[in-house]
file input16.cif (mmCIF, C-alpha atoms and all ligand atoms)
data_target
#
loop_
_atom_site.group_PDB
_atom_site.id
_atom_site.type_symbol
_atom_site.label_atom_id
_atom_site.label_comp_id
_atom_site.auth_asym_id
_atom_site.auth_seq_id
_atom_site.Cartn_x
_atom_site.Cartn_y
_atom_site.Cartn_z
ATOM 1 C CA MET A 1 25.154 -4.890 -3.923
ATOM 2 C CA GLU A 2 23.130 -8.109 -3.966
ATOM 3 C CA LEU A 3 20.375 -8.989 -1.567
ATOM 4 C CA PRO A 4 20.744 -12.051 0.649
ATOM 5 C CA PRO A 5 18.497 -15.051 -0.169
ATOM 6 C CA ARG A 6 14.762 -14.449 0.188
ATOM 7 C CA PRO A 7 13.710 -13.805 3.795
ATOM 8 C CA LYS A 8 11.634 -16.146 5.943
ATOM 9 C CA LEU A 9 8.370 -15.313 7.685
ATOM 10 C CA PHE A 10 8.178 -15.376 11.463
ATOM 11 C CA ASP A 11 5.666 -14.349 14.073
ATOM 12 C CA PHE A 12 6.202 -10.833 15.405
ATOM 13 C CA HIS A 13 3.765 -9.579 18.070
ATOM 14 C CA GLY A 14 1.164 -11.882 16.543
ATOM 15 C CA VAL A 15 1.759 -10.694 12.947
ATOM 16 C CA SER A 16 3.749 -12.534 10.250
ATOM 17 C CA MET A 17 6.757 -10.452 9.271
ATOM 18 C CA THR A 18 10.233 -10.639 7.769
ATOM 19 C CA ASN A 19 13.389 -9.109 9.196
ATOM 20 C CA TYR A 20 13.278 -6.263 6.650
ATOM 21 C CA PHE A 21 10.407 -4.755 8.618
ATOM 22 C CA THR A 22 11.407 -5.653 12.175
ATOM 23 C CA ASP A 23 15.188 -5.096 12.277
ATOM 24 C CA ASN A 24 14.767 -1.388 12.979
ATOM 25 C CA TRP A 25 11.878 -1.877 15.386
ATOM 26 C CA ASP A 26 12.944 0.334 18.299
ATOM 27 C CA ASN A 27 13.588 3.242 15.967
ATOM 28 C CA VAL A 28 10.269 2.645 14.203
ATOM 29 C CA GLN A 29 8.340 2.579 17.467
ATOM 30 C CA ASN A 30 10.135 5.709 18.693
ATOM 31 C CA PHE A 31 9.578 7.538 15.402
ATOM 32 C CA GLN A 32 8.647 11.189 15.974
ATOM 33 C CA ALA A 33 5.754 12.206 13.763
ATOM 34 C CA ARG A 34 5.112 15.868 12.970
ATOM 35 C CA PRO A 35 1.583 17.278 13.158
ATOM 36 C CA ASP A 36 1.409 17.941 9.411
ATOM 37 C CA ASP A 37 2.691 14.481 8.403
ATOM 38 C CA ILE A 38 0.354 12.542 6.116
ATOM 39 C CA LEU A 39 0.456 8.807 6.528
ATOM 40 C CA ILE A 40 -0.562 6.478 3.708
ATOM 41 C CA ALA A 41 -1.442 3.178 5.353
ATOM 42 C CA THR A 42 -2.372 0.028 3.450
ATOM 43 C CA TYR A 43 -2.174 -3.723 3.384
ATOM 44 C CA PRO A 44 0.439 -4.451 0.681
ATOM 45 C CA LYS A 45 -0.865 -4.200 -2.911
ATOM 46 C CA ALA A 46 -4.015 -2.228 -2.085
ATOM 47 C CA GLY A 47 -3.122 0.949 -4.002
ATOM 48 C CA THR A 48 -0.335 2.501 -1.915
ATOM 49 C CA THR A 49 1.661 3.794 -4.859
ATOM 50 C CA TRP A 50 -1.413 5.185 -6.574
ATOM 51 C CA VAL A 51 -2.424 7.269 -3.543
ATOM 52 C CA SER A 52 1.220 8.180 -2.868
ATOM 53 C CA TYR A 53 1.570 9.577 -6.358
ATOM 54 C CA ILE A 54 -1.751 11.443 -6.131
ATOM 55 C CA LEU A 55 -0.635 13.122 -2.907
ATOM 56 C CA ASP A 56 2.809 13.810 -4.300
ATOM 57 C CA LEU A 57 1.308 15.584 -7.323
ATOM 58 C CA LEU A 58 -1.196 17.482 -5.189
ATOM 59 C CA TYR A 59 1.452 18.804 -2.811
ATOM 60 C CA PHE A 60 4.604 18.941 -4.890
ATOM 61 C CA GLY A 61 3.398 18.826 -8.484
ATOM 62 C CA GLN A 62 4.853 22.240 -9.267
ATOM 63 C CA THR A 63 8.367 21.555 -8.059
ATOM 64 C CA THR A 64 9.619 19.942 -11.227
ATOM 65 C CA HIS A 65 13.157 19.046 -10.131
ATOM 66 C CA GLU A 66 11.679 17.028 -7.271
ATOM 67 C CA HIS A 67 9.945 14.848 -9.806
ATOM 68 C CA GLN A 68 13.209 13.431 -10.954
ATOM 69 C CA ARG A 69 13.158 11.085 -7.963
ATOM 70 C CA PRO A 70 11.204 7.817 -7.804
ATOM 71 C CA ILE A 71 8.040 7.758 -5.740
ATOM 72 C CA PHE A 72 9.454 5.176 -3.323
ATOM 73 C CA GLU A 73 12.147 7.717 -2.395
ATOM 74 C CA LYS A 74 9.778 10.665 -2.196
ATOM 75 C CA VAL A 75 7.296 8.818 0.012
ATOM 76 C CA PRO A 76 9.593 6.890 2.362
ATOM 77 C CA PHE A 77 8.552 3.526 3.737
ATOM 78 C CA LEU A 78 8.589 3.970 7.515
ATOM 79 C CA GLU A 79 9.391 0.461 8.738
ATOM 80 C CA LEU A 80 11.684 -0.639 5.888
ATOM 81 C CA LEU A 81 15.277 -1.583 6.607
ATOM 82 C CA ILE A 82 16.856 -3.281 3.638
ATOM 83 C CA PRO A 83 20.407 -3.444 2.238
ATOM 84 C CA LEU A 84 20.813 -0.952 -0.674
ATOM 85 C CA TYR A 85 18.790 1.807 0.982
ATOM 86 C CA PRO A 86 19.025 3.917 4.122
ATOM 87 C CA PRO A 87 16.417 2.992 6.755
ATOM 88 C CA GLY A 88 12.959 4.526 6.238
ATOM 89 C CA VAL A 89 13.060 6.220 9.640
ATOM 90 C CA GLU A 90 16.391 7.875 8.860
ATOM 91 C CA VAL A 91 15.187 9.155 5.477
ATOM 92 C CA LEU A 92 12.080 10.557 7.146
ATOM 93 C CA ASP A 93 14.017 12.215 9.964
ATOM 94 C CA ASN A 94 16.062 14.042 7.332
ATOM 95 C CA LEU A 95 13.112 14.981 5.127
ATOM 96 C CA THR A 96 12.489 18.717 5.050
ATOM 97 C CA THR A 97 9.355 18.778 2.900
ATOM 98 C CA SER A 98 6.126 19.926 4.440
ATOM 99 C CA PRO A 99 4.075 17.884 4.681
ATOM 100 C CA ARG A 100 6.054 14.678 4.795
ATOM 101 C CA LEU A 101 4.250 11.891 2.945
ATOM 102 C CA ILE A 102 4.881 8.581 4.705
ATOM 103 C CA LYS A 103 4.132 5.030 3.606
ATOM 104 C CA THR A 104 3.375 2.214 6.022
ATOM 105 C CA HIS A 105 1.939 -1.288 5.818
ATOM 106 C CA LEU A 106 1.757 -1.714 9.584
ATOM 107 C CA PRO A 107 -1.449 -3.075 11.073
ATOM 108 C CA VAL A 108 -3.179 -0.455 13.202
ATOM 109 C CA GLN A 109 -2.060 -1.879 16.562
ATOM 110 C CA LEU A 110 1.627 -1.648 15.590
ATOM 111 C CA LEU A 111 1.622 1.971 14.395
ATOM 112 C CA PRO A 112 4.105 4.127 16.363
ATOM 113 C CA LYS A 113 2.156 6.065 19.000
ATOM 114 C CA SER A 114 3.513 9.429 17.920
ATOM 115 C CA PHE A 115 1.119 9.432 14.900
ATOM 116 C CA TRP A 116 -1.822 9.324 17.326
ATOM 117 C CA GLU A 117 -0.287 11.830 19.753
ATOM 118 C CA LYS A 118 0.324 14.340 16.963
ATOM 119 C CA ASN A 119 -3.112 13.652 15.506
ATOM 120 C CA CYS A 120 -1.705 13.192 11.990
ATOM 121 C CA ARG A 121 -3.947 12.705 8.991
ATOM 122 C CA ILE A 122 -4.033 9.123 7.792
ATOM 123 C CA VAL A 123 -5.233 7.901 4.408
ATOM 124 C CA TYR A 124 -6.000 4.183 4.516
ATOM 125 C CA VAL A 125 -6.606 2.326 1.249
ATOM 126 C CA ALA A 126 -8.217 -1.108 1.161
ATOM 127 C CA ARG A 127 -8.705 -3.501 -1.749
ATOM 128 C CA ASN A 128 -10.946 -6.546 -2.028
ATOM 129 C CA ALA A 129 -9.296 -9.695 -0.740
ATOM 130 C CA LYS A 130 -9.333 -11.666 -3.979
ATOM 131 C CA ASP A 131 -7.653 -9.052 -6.169
ATOM 132 C CA ASN A 132 -5.362 -8.155 -3.298
ATOM 133 C CA ALA A 133 -4.203 -11.768 -3.011
ATOM 134 C CA VAL A 134 -3.561 -12.053 -6.769
ATOM 135 C CA SER A 135 -1.591 -8.815 -6.880
ATOM 136 C CA TYR A 136 0.445 -9.854 -3.830
ATOM 137 C CA PHE A 137 1.220 -13.229 -5.424
ATOM 138 C CA HIS A 138 2.699 -11.656 -8.550
ATOM 139 C CA PHE A 139 4.586 -9.113 -6.459
ATOM 140 C CA ASP A 140 6.127 -11.867 -4.338
ATOM 141 C CA ARG A 141 7.197 -13.695 -7.498
ATOM 142 C CA MET A 142 9.133 -10.708 -8.806
ATOM 143 C CA ASN A 143 10.455 -9.199 -5.563
ATOM 144 C CA GLN A 144 13.618 -10.790 -4.176
ATOM 145 C CA ALA A 145 12.995 -9.142 -0.811
ATOM 146 C CA GLU A 146 9.805 -11.155 -0.279
ATOM 147 C CA PRO A 147 9.514 -14.756 0.920
ATOM 148 C CA GLU A 148 9.310 -17.392 -1.831
ATOM 149 C CA PRO A 149 5.647 -17.423 -2.920
ATOM 150 C CA GLY A 150 5.443 -21.078 -4.025
ATOM 151 C CA ASP A 151 2.530 -22.072 -6.258
ATOM 152 C CA TRP A 152 -0.749 -20.166 -6.420
ATOM 153 C CA ASN A 153 -2.822 -22.781 -4.605
ATOM 154 C CA ASN A 154 -0.509 -22.870 -1.583
ATOM 155 C CA TYR A 155 -0.159 -19.113 -1.688
ATOM 156 C CA LEU A 156 -3.914 -18.648 -1.526
ATOM 157 C CA GLN A 157 -4.100 -20.957 1.474
ATOM 158 C CA ARG A 158 -1.377 -18.941 3.167
ATOM 159 C CA PHE A 159 -3.289 -15.747 2.431
ATOM 160 C CA MET A 160 -6.383 -17.222 4.062
ATOM 161 C CA ASP A 161 -4.257 -18.290 7.043
ATOM 162 C CA GLY A 162 -2.840 -14.786 7.395
ATOM 163 C CA LYS A 163 0.696 -16.052 6.838
ATOM 164 C CA MET A 164 1.777 -13.170 4.649
ATOM 165 C CA VAL A 165 4.214 -10.321 5.232
ATOM 166 C CA PHE A 166 2.239 -7.813 7.373
ATOM 167 C CA GLY A 167 -0.056 -10.579 8.517
ATOM 168 C CA SER A 168 -3.688 -11.254 7.876
ATOM 169 C CA TRP A 169 -5.527 -9.151 5.286
ATOM 170 C CA TYR A 170 -8.729 -9.737 7.288
ATOM 171 C CA ASP A 171 -7.229 -8.366 10.521
ATOM 172 C CA HIS A 172 -5.555 -5.463 8.715
ATOM 173 C CA VAL A 173 -8.579 -4.069 6.887
ATOM 174 C CA THR A 174 -10.956 -4.596 9.831
ATOM 175 C CA GLY A 175 -8.462 -3.280 12.397
ATOM 176 C CA TRP A 176 -8.090 0.021 10.547
ATOM 177 C CA TRP A 177 -11.835 0.119 9.830
ATOM 178 C CA GLU A 178 -12.674 -0.171 13.539
ATOM 179 C CA ARG A 179 -10.184 2.555 14.425
ATOM 180 C CA LYS A 180 -11.688 4.830 11.785
ATOM 181 C CA GLN A 181 -15.056 4.652 13.570
ATOM 182 C CA THR A 182 -13.655 6.637 16.515
ATOM 183 C CA HIS A 183 -10.829 8.580 14.919
ATOM 184 C CA SER A 184 -11.821 11.463 12.646
ATOM 185 C CA LYS A 185 -8.383 11.887 11.066
ATOM 186 C CA ILE A 186 -8.578 8.619 9.110
ATOM 187 C CA LEU A 187 -9.915 8.639 5.554
ATOM 188 C CA TYR A 188 -10.767 5.073 4.499
ATOM 189 C CA LEU A 189 -10.624 4.684 0.724
ATOM 190 C CA PHE A 190 -11.373 1.663 -1.451
ATOM 191 C CA TYR A 191 -9.286 0.725 -4.478
ATOM 192 C CA GLU A 192 -12.485 -0.283 -6.308
ATOM 193 C CA ASP A 193 -13.960 3.218 -5.813
ATOM 194 C CA MET A 194 -10.774 4.767 -7.160
ATOM 195 C CA VAL A 195 -10.910 2.633 -10.292
ATOM 196 C CA GLU A 196 -14.609 3.369 -10.736
ATOM 197 C CA ASP A 197 -14.287 7.148 -10.439
ATOM 198 C CA THR A 198 -10.835 8.554 -9.759
ATOM 199 C CA GLY A 199 -12.093 12.154 -9.919
ATOM 200 C CA ARG A 200 -14.699 11.557 -7.209
ATOM 201 C CA GLU A 201 -12.141 9.940 -4.888
ATOM 202 C CA LEU A 202 -9.678 12.729 -5.639
ATOM 203 C CA ASP A 203 -12.336 15.192 -4.442
ATOM 204 C CA ARG A 204 -12.803 13.186 -1.238
ATOM 205 C CA LEU A 205 -9.068 13.206 -0.658
ATOM 206 C CA CYS A 206 -8.820 16.952 -1.244
ATOM 207 C CA SER A 207 -11.669 17.706 1.097
ATOM 208 C CA PHE A 208 -10.139 15.482 3.797
ATOM 209 C CA LEU A 209 -6.787 17.229 3.384
ATOM 210 C CA GLY A 210 -8.266 20.729 3.175
ATOM 211 C CA LEU A 211 -6.944 21.273 -0.344
ATOM 212 C CA SER A 212 -8.777 23.141 -3.094
ATOM 213 C CA PRO A 213 -6.932 22.671 -6.368
ATOM 214 C CA SER A 214 -8.265 24.420 -9.460
ATOM 215 C CA ALA A 215 -10.264 22.373 -11.975
ATOM 216 C CA GLU A 216 -7.260 22.510 -14.288
ATOM 217 C CA GLU A 217 -4.912 21.275 -11.565
ATOM 218 C CA LYS A 218 -7.283 18.442 -10.722
ATOM 219 C CA GLU A 219 -7.399 17.344 -14.351
ATOM 220 C CA ARG A 220 -3.616 17.397 -14.462
ATOM 221 C CA VAL A 221 -3.373 15.166 -11.384
ATOM 222 C CA LYS A 222 -6.091 12.851 -12.644
ATOM 223 C CA GLY A 223 -4.294 12.433 -15.966
ATOM 224 C CA GLY A 224 -0.897 11.872 -14.351
ATOM 225 C CA VAL A 225 -2.166 9.101 -12.088
ATOM 226 C CA GLN A 226 -4.059 7.101 -14.708
ATOM 227 C CA PHE A 227 -2.798 3.522 -14.776
ATOM 228 C CA ASP A 228 -1.297 3.721 -18.279
ATOM 229 C CA ASN A 229 0.502 6.963 -17.503
ATOM 230 C CA MET A 230 1.919 5.703 -14.225
ATOM 231 C CA LYS A 231 2.927 2.438 -15.887
ATOM 232 C CA LYS A 232 5.154 4.239 -18.371
ATOM 233 C CA ASN A 233 6.446 6.783 -15.860
ATOM 234 C CA SER A 234 9.805 5.555 -14.517
ATOM 235 C CA MET A 235 9.398 7.746 -11.437
ATOM 236 C CA ALA A 236 6.125 5.995 -10.546
ATOM 237 C CA ASN A 237 6.488 2.434 -11.861
ATOM 238 C CA TYR A 238 9.329 1.108 -9.670
ATOM 239 C CA SER A 239 11.415 0.212 -12.741
ATOM 240 C CA THR A 240 14.453 1.773 -11.048
ATOM 241 C CA ASN A 241 14.140 -0.516 -8.020
ATOM 242 C CA PRO A 242 16.861 -3.186 -8.138
ATOM 243 C CA VAL A 243 15.131 -5.792 -5.948
ATOM 244 C CA MET A 244 12.324 -6.248 -8.473
ATOM 245 C CA ASP A 245 12.590 -8.439 -11.546
ATOM 246 C CA PHE A 246 10.299 -6.985 -14.194
ATOM 247 C CA LYS A 247 10.983 -9.938 -16.469
ATOM 248 C CA ILE A 248 8.897 -12.009 -14.036
ATOM 249 C CA SER A 249 6.128 -9.428 -13.558
ATOM 250 C CA PRO A 250 5.892 -5.631 -13.722
ATOM 251 C CA PHE A 251 5.062 -3.627 -10.584
ATOM 252 C CA MET A 252 2.268 -1.839 -12.437
ATOM 253 C CA ARG A 253 0.737 -5.111 -13.554
ATOM 254 C CA LYS A 254 -2.940 -4.776 -14.561
ATOM 255 C CA GLY A 255 -4.564 -2.197 -12.279
ATOM 256 C CA LYS A 256 -7.996 -3.829 -12.562
ATOM 257 C CA VAL A 257 -10.911 -4.843 -10.389
ATOM 258 C CA GLY A 258 -11.864 -8.474 -11.003
ATOM 259 C CA ASP A 259 -8.542 -9.851 -12.262
ATOM 260 C CA TRP A 260 -9.013 -12.548 -9.591
ATOM 261 C CA LYS A 261 -11.343 -14.282 -12.047
ATOM 262 C CA ASN A 262 -8.300 -15.108 -14.172
ATOM 263 C CA HIS A 263 -6.599 -16.834 -11.245
ATOM 264 C CA PHE A 264 -9.168 -18.456 -8.957
ATOM 265 C CA THR A 265 -10.663 -21.758 -10.008
ATOM 266 C CA VAL A 266 -14.358 -22.202 -9.204
ATOM 267 C CA ALA A 267 -13.429 -24.498 -6.314
ATOM 268 C CA GLN A 268 -10.877 -22.035 -4.939
ATOM 269 C CA SER A 269 -13.382 -19.216 -5.171
ATOM 270 C CA GLU A 270 -16.089 -21.148 -3.335
ATOM 271 C CA GLN A 271 -13.732 -22.220 -0.580
ATOM 272 C CA PHE A 272 -12.407 -18.682 -0.255
ATOM 273 C CA ASP A 273 -15.912 -17.187 -0.058
ATOM 274 C CA GLU A 274 -17.000 -19.612 2.621
ATOM 275 C CA ASP A 275 -13.943 -18.899 4.737
ATOM 276 C CA TYR A 276 -14.338 -15.145 4.083
ATOM 277 C CA LYS A 277 -17.882 -15.125 5.432
ATOM 278 C CA LYS A 278 -16.716 -16.605 8.723
ATOM 279 C CA LYS A 279 -13.740 -14.307 9.097
ATOM 280 C CA MET A 280 -15.714 -11.155 8.237
ATOM 281 C CA GLU A 281 -19.020 -11.957 9.962
ATOM 282 C CA ASN A 282 -18.514 -9.430 12.785
ATOM 283 C CA THR A 283 -17.784 -6.392 10.654
ATOM 284 C CA GLN A 284 -19.898 -3.954 8.643
ATOM 285 C CA LEU A 285 -16.995 -3.504 6.243
ATOM 286 C CA ARG A 286 -18.009 -4.449 2.692
ATOM 287 C CA PHE A 287 -15.932 -4.860 -0.467
ATOM 288 C CA ARG A 288 -16.793 -5.136 -4.131
ATOM 289 C CA THR A 289 -15.029 -7.824 -6.142
ATOM 290 C CA THR A 290 -16.425 -6.489 -9.418
ATOM 291 C CA ILE A 291 -17.530 -3.038 -10.500
HETATM 292 S S1 LIG A 301 2.917 -1.919 -2.651
HETATM 293 O O1 LIG A 301 4.070 -2.768 -3.085
HETATM 294 O O2 LIG A 301 2.229 -2.513 -1.494
HETATM 295 O O3 LIG A 301 3.310 -0.538 -2.417
HETATM 296 O O4 LIG A 301 1.907 -1.996 -3.877
HETATM 297 P P1 LIG A 301 0.649 -1.046 -4.085
HETATM 298 O O5 LIG A 301 1.091 0.204 -4.719
HETATM 299 O O6 LIG A 301 -0.144 -0.950 -2.842
HETATM 300 O O7 LIG A 301 -0.241 -1.886 -5.095
HETATM 301 C C1 LIG A 301 0.132 -2.163 -6.415
HETATM 302 C C2 LIG A 301 -1.142 -2.468 -7.168
HETATM 303 O O8 LIG A 301 -1.819 -1.235 -7.427
HETATM 304 C C3 LIG A 301 -1.984 -1.098 -8.832
HETATM 305 N N1 LIG A 301 -1.944 0.311 -9.223
HETATM 306 C C4 LIG A 301 -2.930 0.922 -9.896
HETATM 307 N N2 LIG A 301 -4.144 0.467 -10.306
HETATM 308 C C5 LIG A 301 -4.929 1.330 -11.012
HETATM 309 N N3 LIG A 301 -4.550 2.594 -11.330
HETATM 310 C C6 LIG A 301 -3.344 3.078 -10.942
HETATM 311 N N4 LIG A 301 -2.985 4.297 -11.277
HETATM 312 C C7 LIG A 301 -2.486 2.235 -10.183
HETATM 313 N N5 LIG A 301 -1.247 2.365 -9.651
HETATM 314 C C8 LIG A 301 -0.937 1.193 -9.071
HETATM 315 C C9 LIG A 301 -0.835 -1.902 -9.400
HETATM 316 O O9 LIG A 301 -1.013 -2.158 -10.773
HETATM 317 C C10 LIG A 301 -0.890 -3.124 -8.508
HETATM 318 O O10 LIG A 301 -2.039 -3.917 -8.766
HETATM 319 P P2 LIG A 301 -2.072 -5.158 -9.814
HETATM 320 O O11 LIG A 301 -3.415 -5.786 -9.628
HETATM 321 O O12 LIG A 301 -0.973 -6.083 -9.426
HETATM 322 O O13 LIG A 301 -1.907 -4.575 -11.175
#

call {"tool": "encode", "arguments": {"input": "input16.cif", "output": "structure tokens", "more": "lines below"}}
Ligand code: PPS
result
Amino acid sequence: MELPPRPKLFDFHGVSMTNYFTDNWDNVQNFQARPDDILIATYPKAGTTWVSYILDLLYFGQTTHEHQRPIFEKVPFLELLIPLYPPGVEVLDNLTTSPRLIKTHLPVQLLPKSFWEKNCRIVYVARNAKDNAVSYFHFDRMNQAEPEPGDWNNYLQRFMDGKMVFGSWYDHVTGWWERKQTHSKILYLFYEDMVEDTGRELDRLCSFLGLSPSAEEKERVKGGVQFDNMKKNSMANYSTNPVMDFKISPFMRKGKVGDWKNHFTVAQSEQFDEDYKKKMENTQLRFRTTI
């Protein structure tokens, strides 16, 4: 089955969205979380798949037959409703694993209330704006289910204007950051920290989740989730996903901190930084654009 032409952005409760993430809205909002659910929440392209695969290996690494399914099926995408696949909510309702690992890109104010009522653990991953924008650009080029990206210069302007699927990066990362200050069940991770020292961040994750894997098990997970290993792993690299055209760009593209330097001109970088300062002046949240 083919997808319809690329979707258009529209305003949805103050957030730019496409119909693939709003068509099932009542069911998404009424989603019934379970107390042991683990939610992986991110702005798109911040490291969702990386953390999903880490959690999948930590919880289900021993059940080998399970590993014959791609990560995007094992960690269902809550708000997704797209031709070719059953709705995320339906997949989750039928999931019998414990815990369920759930992916969302929703900004904090749109998360179904059941996650708060059940006090579920939430792992939020954030990535610096410049690398995030570059990664999102290449993703939108290769993914037929995303709006047409246009050229890089216009795309960057749109990113700064918050006119991206799932809205403004600035609002997303700060919204979740503010919520984390009062909600103990949110672990806020940074992509840059994970690149710098995956083992250290794995320890933080385990302690947040109350897991104590053996040293050997930890090494196994750490090895499995290295960029090069995930890139060649068809269960982790999205190569089985028909809406993506890997001839344009692979899903596992570079996995680096600082790739923005290969995309931003000096003028673009200066303009971006100036705008960034204004948008982020009221938050303590800090990112590294190099490590
Ligand atoms: S999505 O579509 O929102 O779920 O994408 P997401 O998984 O959040 O982000 C994809 C980017 O994460 C990089 N990635 C990794 N980097 C380092 N190490 C590992 N193991 C890893 N796994 C995924 C992936 O390459 C995308 O970033 P870019 O910069 O495009 O390479």

call {"tool": "residues_around", "arguments": {"input": "input16.cif", "residues": "Val89 of chain A", "least_positions_apart": "3", "cutoff": "8 Å", "atoms": "all atoms listed in the file", "output": "compact mmCIF listing (two decimals) with C-alpha atoms, in the coordinates of the input"}}
result
# COMPACT_ATOMS: atom_id res chain seq x y z
CA ASN A 27 13.59 3.24 15.97
CA VAL A 28 10.27 2.64 14.20
CA PHE A 31 9.58 7.54 15.40
CA PHE A 77 8.55 3.53 3.74
CA LEU A 78 8.59 3.97 7.52
CA GLU A 79 9.39 0.46 8.74
CA LEU A 80 11.68 -0.64 5.89
CA LEU A 92 12.08 10.56 7.15
CA ASP A 93 14.02 12.22 9.96

call {"tool": "resolve_selection", "arguments": {"input": "input16.cif", "expression": "the PyMOL selection byres (((not hetatm)) within 8 of (chain A and resi 301))", "output": "MDAnalysis selection string"}}
result
chainID A and resid 42:51 105 131:132 134:136 138:139 191 194:195 225:231 251:257 259

call {"tool": "write_last_selection", "arguments": {"input": "input16.cif", "atoms": "C-alpha atoms", "output": "short mmCIF file (atom, residue, chain, number, x, y, z; two decimals), in the coordinates of the input"}}
result
data_model
loop_
_atom_site.label_atom_id
_atom_site.label_comp_id
_atom_site.auth_asym_id
_atom_site.auth_seq_id
_atom_site.Cartn_x
_atom_site.Cartn_y
_atom_site.Cartn_z
CA THR A 42 -2.37 0.03 3.45
CA TYR A 43 -2.17 -3.72 3.38
CA PRO A 44 0.44 -4.45 0.68
CA LYS A 45 -0.86 -4.20 -2.91
CA ALA A 46 -4.01 -2.23 -2.08
CA GLY A 47 -3.12 0.95 -4.00
CA THR A 48 -0.34 2.50 -1.92
CA THR A 49 1.66 3.79 -4.86
CA TRP A 50 -1.41 5.18 -6.57
CA VAL A 51 -2.42 7.27 -3.54
CA HIS A 105 1.94 -1.29 5.82
CA ASP A 131 -7.65 -9.05 -6.17
CA ASN A 132 -5.36 -8.15 -3.30
CA VAL A 134 -3.56 -12.05 -6.77
CA SER A 135 -1.59 -8.82 -6.88
CA TYR A 136 0.44 -9.85 -3.83
CA HIS A 138 2.70 -11.66 -8.55
CA PHE A 139 4.59 -9.11 -6.46
CA TYR A 191 -9.29 0.72 -4.48
CA MET A 194 -10.77 4.77 -7.16
CA VAL A 195 -10.91 2.63 -10.29
CA VAL A 225 -2.17 9.10 -12.09
CA GLN A 226 -4.06 7.10 -14.71
CA PHE A 227 -2.80 3.52 -14.78
CA ASP A 228 -1.30 3.72 -18.28
CA ASN A 229 0.50 6.96 -17.50
CA MET A 230 1.92 5.70 -14.22
CA LYS A 231 2.93 2.44 -15.89
CA PHE A 251 5.06 -3.63 -10.58
CA MET A 252 2.27 -1.84 -12.44
CA ARG A 253 0.74 -5.11 -13.55
CA LYS A 254 -2.94 -4.78 -14.56
CA GLY A 255 -4.56 -2.20 -12.28
CA LYS A 256 -8.00 -3.83 -12.56
CA VAL A 257 -10.91 -4.84 -10.39
CA ASP A 259 -8.54 -9.85 -12.26
#

call {"tool": "resolve_selection", "arguments": {"input": "input16.cif", "expression": "the PyMOL selection byres (((chain A and resi 110) around 10) and not hetatm)", "output": "JSON, numbers by chain"}}
result
{"A": [13, 15, 28, 29, 105, 106, 107, 108, 109, 111, 112, 113]}

call {"tool": "closest_residue", "arguments": {"input": "input16.cif", "among": "A:Gln268, A:Tyr85, A:Thr289, A:Leu57", "to": "Leu202 of chain A", "atoms": "all atoms listed in the file"}}
result
A:Leu57

call {"tool": "closest_residue", "arguments": {"input": "input16.cif", "among": "A:Tyr53, A:Trp152, A:Tyr20, A:Phe10", "to": "Thr265 of chain A", "atoms": "only C-alpha atoms"}}
result
A:Trp152

call {"tool": "closest_residue", "arguments": {"input": "input16.cif", "among": "A:Leu55, A:Lys74, A:Ala145, A:Ala267", "to": "Leu211 of chain A", "atoms": "only C-alpha atoms"}}
result
A:Leu55
